[in-house]
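Trainee: Provided herewith is a single structure, encoded as structure tokens, for subsequent inquiry.
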Amino acid sequence: MTQEAAVLYRVEEGVGIIELNRPDNRNSMTPEIFVGLRDALAQVKADNDLRCLVITGRGRCFSAGADLNSAIQVDGERFELPHERSYAMYQPFLSVLDVEIPVLGALNGHAVGGGLGLALVCDIRVANQDAKYGANFTRLGIHPGMAITHILPRLVGLPKAAELLFTGTLIKGVEAAETGLVNHAVPGDDVFPRTMEMARVIAANAPIAVRLTKRFLYQGQQEAIRNAAYAEAFAQASTLHTADAKEGISALLEKRKPAFKGQ
């Protein structure tokens with residue numbers, strides 16, 4: 001029996017729908033997810049008739065970020081330096097920034113770490129009110145990646161971003177909506193229908209005006225986000241090789257409290 005593709009893509013009434021399809025692995029950032037997302041986004045960018053894009057996932061997670069059971073960084077001889085490997089891991093997710101039409105995140109479930117980063121590069125986010133959202137990097141002994149330190153304070157304010165990043169706390173969808181991290185928080189079964197309802201409203205508007213509005217809304221921001229992600233890659237790469245990072249990841253996988261030593 002052939003396994004379904006890691007990322008599914010379809011079009012409904014002018015709305016493109018990308019669905020991360022590895023629920024058993026929490027839609028983690030694996031090579032097959034990267035390749036599938038890259039290919040789906042290529043189809044989106046090539047379709048001039050699309051009016052809006054929705055990104056969602058199957059199962060209990062939108063995306064749990066890096067697959068901690070495997071190598072965190074992209075493994076490949078093309079990348080000589082550690083920070084290049086860190087940045088390359090996020091490139092497929094960052095390519096959402098290149099989509100000219102509005103991108104809506106239907107956050108069906110938990111979005112953690114790099115999974116939160118994918119949610120943050122969407123223009124509008126609809127969350128599951130009972131799911132958890134956050135950047136738990138410091139709990140793993142790792143510096144955040146994917147420009148989360150750049151985007152998050154612009155959504156929730158500097159004090160709240162500091163709290164979330166320093167503590168690594170995950171918050172439920174209801175609080176995420178209250179802080180501005182997401183636009184709306186609704187019951188889990190309503191996340192995708194609510195997002196599609198909004199997507200259809202956007203798709204019914206004048207497409208040239210919508211594209212231009214998005215362009216000027218984010219003028220200069222896409223490059224700033226990429227530059228921030230690249231700068232973060234240096235810090236993330238340096239922390240990935242610390243004893244604390246090894247301890248933090250082991251503790252998470254073993255479901256115990258980490259014992260960090262600042263090494």
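In the structure tokens, chains take letters A, B, ... by order of appearance, with residues numbered from 1 within each chain and ligands from 1 in the order shown.
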Where does DSSP see strand (DSSP E) in segment 126-260 of chain A, if you list the residues as a PyMOL selection string?
Mentor: chain A and resi 126-128+132-134+171-172+184-186
Trainee: Find the residues near Ile202 of chain A: any atom within 12 Å, counting only C-alpha atoms, skip ones fewer than 3 places away on the same chain, and give them as a list in words.
Mentor: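 Close residues of Ile202 of chain A: Glu13, Gly14, Val15, Leu50, Arg51, Cys52, Leu53, Val54, Ile101, Pro102, Val103, Leu104, Ile124, Thr195, Met196, Glu197, Met198, Ala199, Asn205, Ala206, Pro207, Ile208, Ala209, Val210, Arg211, Thr213 and Lys214 of chain A.
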Trainee: Go ahead and dump the residues you just picked, N, CA and C atoms, as a PDB file, in the first residue's frame.
Mentor:
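Dumped everything to selection-v9.pdb:
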```pdb
ATOM      1  N   GLU A  13     -12.327  26.585  -5.436  1.00  0.00           N
ATOM      2  CA  GLU A  13     -12.933  27.893  -5.691  1.00  0.00           C
ATOM      3  C   GLU A  13     -11.916  29.033  -5.587  1.00  0.00           C
ATOM      4  N   GLY A  14     -10.782  28.844  -6.217  1.00  0.00           N
ATOM      5  CA  GLY A  14      -9.765  29.886  -6.237  1.00  0.00           C
ATOM      6  C   GLY A  14      -8.904  29.959  -4.996  1.00  0.00           C
ATOM      7  N   VAL A  15      -9.112  29.039  -4.067  1.00  0.00           N
ATOM      8  CA  VAL A  15      -8.314  29.000  -2.840  1.00  0.00           C
ATOM      9  C   VAL A  15      -7.417  27.764  -2.859  1.00  0.00           C
ATOM     10  N   LEU A  50      -5.144  31.835  -8.670  1.00  0.00           N
ATOM     11  CA  LEU A  50      -5.385  31.680  -7.235  1.00  0.00           C
ATOM     12  C   LEU A  50      -5.612  33.038  -6.586  1.00  0.00           C
ATOM     13  N   ARG A  51      -6.517  33.075  -5.618  1.00  0.00           N
ATOM     14  CA  ARG A  51      -6.832  34.320  -4.919  1.00  0.00           C
ATOM     15  C   ARG A  51      -6.341  34.309  -3.472  1.00  0.00           C
ATOM     16  N   CYS A  52      -6.141  33.112  -2.924  1.00  0.00           N
ATOM     17  CA  CYS A  52      -5.796  33.003  -1.508  1.00  0.00           C
ATOM     18  C   CYS A  52      -5.183  31.621  -1.279  1.00  0.00           C
ATOM     19  N   LEU A  53      -4.403  31.474  -0.212  1.00  0.00           N
ATOM     20  CA  LEU A  53      -3.795  30.194   0.140  1.00  0.00           C
ATOM     21  C   LEU A  53      -4.057  29.894   1.604  1.00  0.00           C
ATOM     22  N   VAL A  54      -4.416  28.650   1.893  1.00  0.00           N
ATOM     23  CA  VAL A  54      -4.598  28.174   3.263  1.00  0.00           C
ATOM     24  C   VAL A  54      -3.582  27.077   3.522  1.00  0.00           C
ATOM     25  N   ILE A 101      -0.184  36.205  -2.858  1.00  0.00           N
ATOM     26  CA  ILE A 101      -1.577  36.262  -2.412  1.00  0.00           C
ATOM     27  C   ILE A 101      -1.624  36.074  -0.893  1.00  0.00           C
ATOM     28  N   PRO A 102      -2.722  36.471  -0.239  1.00  0.00           N
ATOM     29  CA  PRO A 102      -2.818  36.274   1.204  1.00  0.00           C
ATOM     30  C   PRO A 102      -2.696  34.805   1.600  1.00  0.00           C
ATOM     31  N   VAL A 103      -1.979  34.558   2.689  1.00  0.00           N
ATOM     32  CA  VAL A 103      -1.770  33.204   3.204  1.00  0.00           C
ATOM     33  C   VAL A 103      -2.409  33.111   4.588  1.00  0.00           C
ATOM     34  N   LEU A 104      -3.329  32.177   4.737  1.00  0.00           N
ATOM     35  CA  LEU A 104      -4.017  31.974   6.003  1.00  0.00           C
ATOM     36  C   LEU A 104      -3.553  30.666   6.630  1.00  0.00           C
ATOM     37  N   ILE A 124      -2.553  35.629   8.244  1.00  0.00           N
ATOM     38  CA  ILE A 124      -3.663  35.548   9.190  1.00  0.00           C
ATOM     39  C   ILE A 124      -3.660  34.139   9.781  1.00  0.00           C
ATOM     40  N   THR A 195     -11.451  29.217   8.704  1.00  0.00           N
ATOM     41  CA  THR A 195     -10.385  29.756   7.859  1.00  0.00           C
ATOM     42  C   THR A 195     -10.832  29.818   6.410  1.00  0.00           C
ATOM     43  N   MET A 196     -11.490  28.772   5.936  1.00  0.00           N
ATOM     44  CA  MET A 196     -11.961  28.756   4.557  1.00  0.00           C
ATOM     45  C   MET A 196     -13.027  29.819   4.321  1.00  0.00           C
ATOM     46  N   GLU A 197     -13.858  30.058   5.325  1.00  0.00           N
ATOM     47  CA  GLU A 197     -14.860  31.121   5.207  1.00  0.00           C
ATOM     48  C   GLU A 197     -14.177  32.467   4.966  1.00  0.00           C
ATOM     49  N   MET A 198     -13.108  32.732   5.719  1.00  0.00           N
ATOM     50  CA  MET A 198     -12.369  33.986   5.540  1.00  0.00           C
ATOM     51  C   MET A 198     -11.653  34.004   4.192  1.00  0.00           C
ATOM     52  N   ALA A 199     -11.103  32.852   3.803  1.00  0.00           N
ATOM     53  CA  ALA A 199     -10.398  32.766   2.520  1.00  0.00           C
ATOM     54  C   ALA A 199     -11.340  33.065   1.359  1.00  0.00           C
ATOM     55  N   ASN A 205     -12.779  39.291  -3.349  1.00  0.00           N
ATOM     56  CA  ASN A 205     -12.367  40.676  -3.553  1.00  0.00           C
ATOM     57  C   ASN A 205     -11.510  40.818  -4.811  1.00  0.00           C
ATOM     58  N   ALA A 206     -11.283  42.059  -5.232  1.00  0.00           N
ATOM     59  CA  ALA A 206     -10.533  42.316  -6.464  1.00  0.00           C
ATOM     60  C   ALA A 206      -9.101  41.813  -6.325  1.00  0.00           C
ATOM     61  N   PRO A 207      -8.690  40.833  -7.133  1.00  0.00           N
ATOM     62  CA  PRO A 207      -7.393  40.180  -6.928  1.00  0.00           C
ATOM     63  C   PRO A 207      -6.181  41.097  -7.082  1.00  0.00           C
ATOM     64  N   ILE A 208      -6.218  42.013  -8.034  1.00  0.00           N
ATOM     65  CA  ILE A 208      -5.071  42.910  -8.215  1.00  0.00           C
ATOM     66  C   ILE A 208      -4.935  43.815  -6.994  1.00  0.00           C
ATOM     67  N   ALA A 209      -6.062  44.323  -6.512  1.00  0.00           N
ATOM     68  CA  ALA A 209      -6.033  45.192  -5.339  1.00  0.00           C
ATOM     69  C   ALA A 209      -5.536  44.441  -4.103  1.00  0.00           C
ATOM     70  N   VAL A 210      -5.960  43.188  -3.950  1.00  0.00           N
ATOM     71  CA  VAL A 210      -5.528  42.395  -2.791  1.00  0.00           C
ATOM     72  C   VAL A 210      -4.025  42.128  -2.846  1.00  0.00           C
ATOM     73  N   ARG A 211      -3.531  41.749  -4.011  1.00  0.00           N
ATOM     74  CA  ARG A 211      -2.088  41.473  -4.136  1.00  0.00           C
ATOM     75  C   ARG A 211      -1.258  42.728  -3.845  1.00  0.00           C
ATOM     76  N   THR A 213      -2.194  45.310  -2.104  1.00  0.00           N
ATOM     77  CA  THR A 213      -2.335  45.650  -0.687  1.00  0.00           C
ATOM     78  C   THR A 213      -1.367  44.831   0.158  1.00  0.00           C
ATOM     79  N   LYS A 214      -1.254  43.543  -0.150  1.00  0.00           N
ATOM     80  CA  LYS A 214      -0.305  42.706   0.594  1.00  0.00           C
ATOM     81  C   LYS A 214       1.122  43.178   0.347  1.00  0.00           C
TER      82      LYS A 214
END
```
Trainee: Point out the residue among A:Gly36, A:Gly109, A:Pro23, A:Pro144 with the least atom-to-atom distance to Ala233 of chain A, counting only C-alpha atoms.
Mentor: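 Among the listed residues, the smallest separation from Ala233 of chain A belongs to A:Pro144.
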Trainee: What is the distance, in Å and to one decimal place, between atom CA of Gln129 of chain A and atom CA of Ile17 of chain A?
Mentor: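 Straight-line distance from atom CA of Gln129 of chain A to atom CA of Ile17 of chain A works out to 21.5 Å.
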Trainee: Write out as an MDAnalysis selection string which residues come within 12 Å of Leu181 of chain A when counting only C-alpha atoms, dropping same-chain ones fewer than 3 positions away.
Mentor: chainID A and resid 105 107 111 116:117 119:127 132:135 148 151:157 160:161 164 170:178 184:185
Trainee: What gap, in Å, lies between atom CA of Arg58 of chain A and atom CA of Pro187 of chain A?
Mentor: 15.3 Å
Trainee: Do you know which residues are at most 9 Å from Ala243 of chain A counting only C-alpha atoms, after dropping those on the same chain fewer than 5 positions away, and could you put them as a ChimeraX atom specification?
Mentor: /A:141,248,260-263
Trainee: Keeping only C-alpha atoms, write the selected residues to a file as an mmCIF file, in the first residue's frame.
Mentor:
```cif
data_model
loop_
_atom_site.group_PDB
_atom_site.id
_atom_site.type_symbol
_atom_site.label_atom_id
_atom_site.label_comp_id
_atom_site.auth_asym_id
_atom_site.auth_seq_id
_atom_site.Cartn_x
_atom_site.Cartn_y
_atom_site.Cartn_z
ATOM 1 C CA GLY A 141 18.990 24.666 25.348
ATOM 2 C CA GLY A 248 17.449 19.524 26.797
ATOM 3 C CA PHE A 260 21.212 22.499 32.520
ATOM 4 C CA LYS A 261 24.785 23.345 33.493
ATOM 5 C CA GLY A 262 25.561 26.294 31.238
ATOM 6 C CA GLN A 263 27.965 24.248 29.146
#
```
Trainee: Name the closest residue to Arg22 of chain A among the candidates A:Cys61, A:Thr179, A:Leu41, A:Ala46; distances are taken between atoms, counting only C-alpha atoms.
Mentor: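 Counting only C-alpha atoms, the residue closest to Arg22 of chain A is A:Cys61.
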Trainee: A:Leu217, A:Ala228, A:Leu20, A:Leu140: which is nearest Leu68 of chain A, counting only C-alpha atoms?
Mentor: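 The shortest atom-to-atom distance to Leu68 of chain A comes from A:Leu140.
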Trainee: Among segment 170-256 of chain A, which residues does DSSP mark as helix (DSSP H, G or I) when it is run on the backbone? Keep the chain and numbering as in the structure and answer as an MDAnalysis selection string.
Mentor: chainID A and resid 173:179 188:203 207:217 221:240 243:253
Trainee: Tell me, in Å to one decimal, how far atom CA of Pro82 of chain A is from atom CA of Val99 of chain A.
Mentor: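 Interatomic distance, atom CA of Pro82 of chain A to atom CA of Val99 of chain A: 28.0 Å.
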Trainee: List as an NGL selection string the protein and nucleic acid residues near Ile225 of chain A, meaning an atom at most 10 Å away when only C-alpha atoms are counted, but skip any in the same chain fewer than 4 places from it.
Mentor: :A and (94 or 97 or 121 or 146-151 or 220-221 or 229-231)
Trainee: Export N, CA and C atoms of the chosen residues as a compact mmCIF listing (two decimals), in the first residue's frame?
Mentor:
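Full text of result_27.txt as output:
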```txt
# COMPACT_ATOMS: atom_id res chain seq x y z
N LEU A 94 10.30 29.46 5.15
CA LEU A 94 10.43 30.88 4.86
C LEU A 94 9.96 31.23 3.45
N LEU A 97 6.96 33.36 2.49
CA LEU A 97 7.03 34.82 2.36
C LEU A 97 6.98 35.27 0.90
N VAL A 121 4.70 33.11 9.62
CA VAL A 121 4.91 33.69 8.29
C VAL A 121 3.62 33.68 7.46
N MET A 146 14.25 30.75 12.59
CA MET A 146 13.20 31.16 11.64
C MET A 146 12.64 32.55 11.93
N ALA A 147 13.49 33.43 12.42
CA ALA A 147 13.13 34.84 12.64
C ALA A 147 12.04 35.01 13.69
N ILE A 148 11.87 34.04 14.56
CA ILE A 148 10.84 34.15 15.59
C ILE A 148 11.12 35.33 16.52
N THR A 149 12.39 35.60 16.84
CA THR A 149 12.70 36.74 17.70
C THR A 149 12.40 38.07 17.01
N HIS A 150 12.28 38.05 15.70
CA HIS A 150 11.96 39.26 14.93
C HIS A 150 10.44 39.45 14.81
N ILE A 151 9.73 38.36 14.49
CA ILE A 151 8.29 38.46 14.20
C ILE A 151 7.46 38.55 15.47
N GLY A 220 9.30 45.68 2.35
CA GLY A 220 10.58 45.63 3.07
C GLY A 220 10.62 44.61 4.20
N GLN A 221 9.46 44.08 4.59
CA GLN A 221 9.43 43.17 5.73
C GLN A 221 9.95 41.78 5.41
N ALA A 229 16.25 35.73 10.22
CA ALA A 229 16.39 34.28 10.28
C ALA A 229 17.83 33.86 10.05
N TYR A 230 18.51 34.57 9.15
CA TYR A 230 19.92 34.23 8.88
C TYR A 230 20.79 34.58 10.07
N ALA A 231 20.51 35.73 10.70
CA ALA A 231 21.28 36.12 11.89
C ALA A 231 21.04 35.13 13.03
```
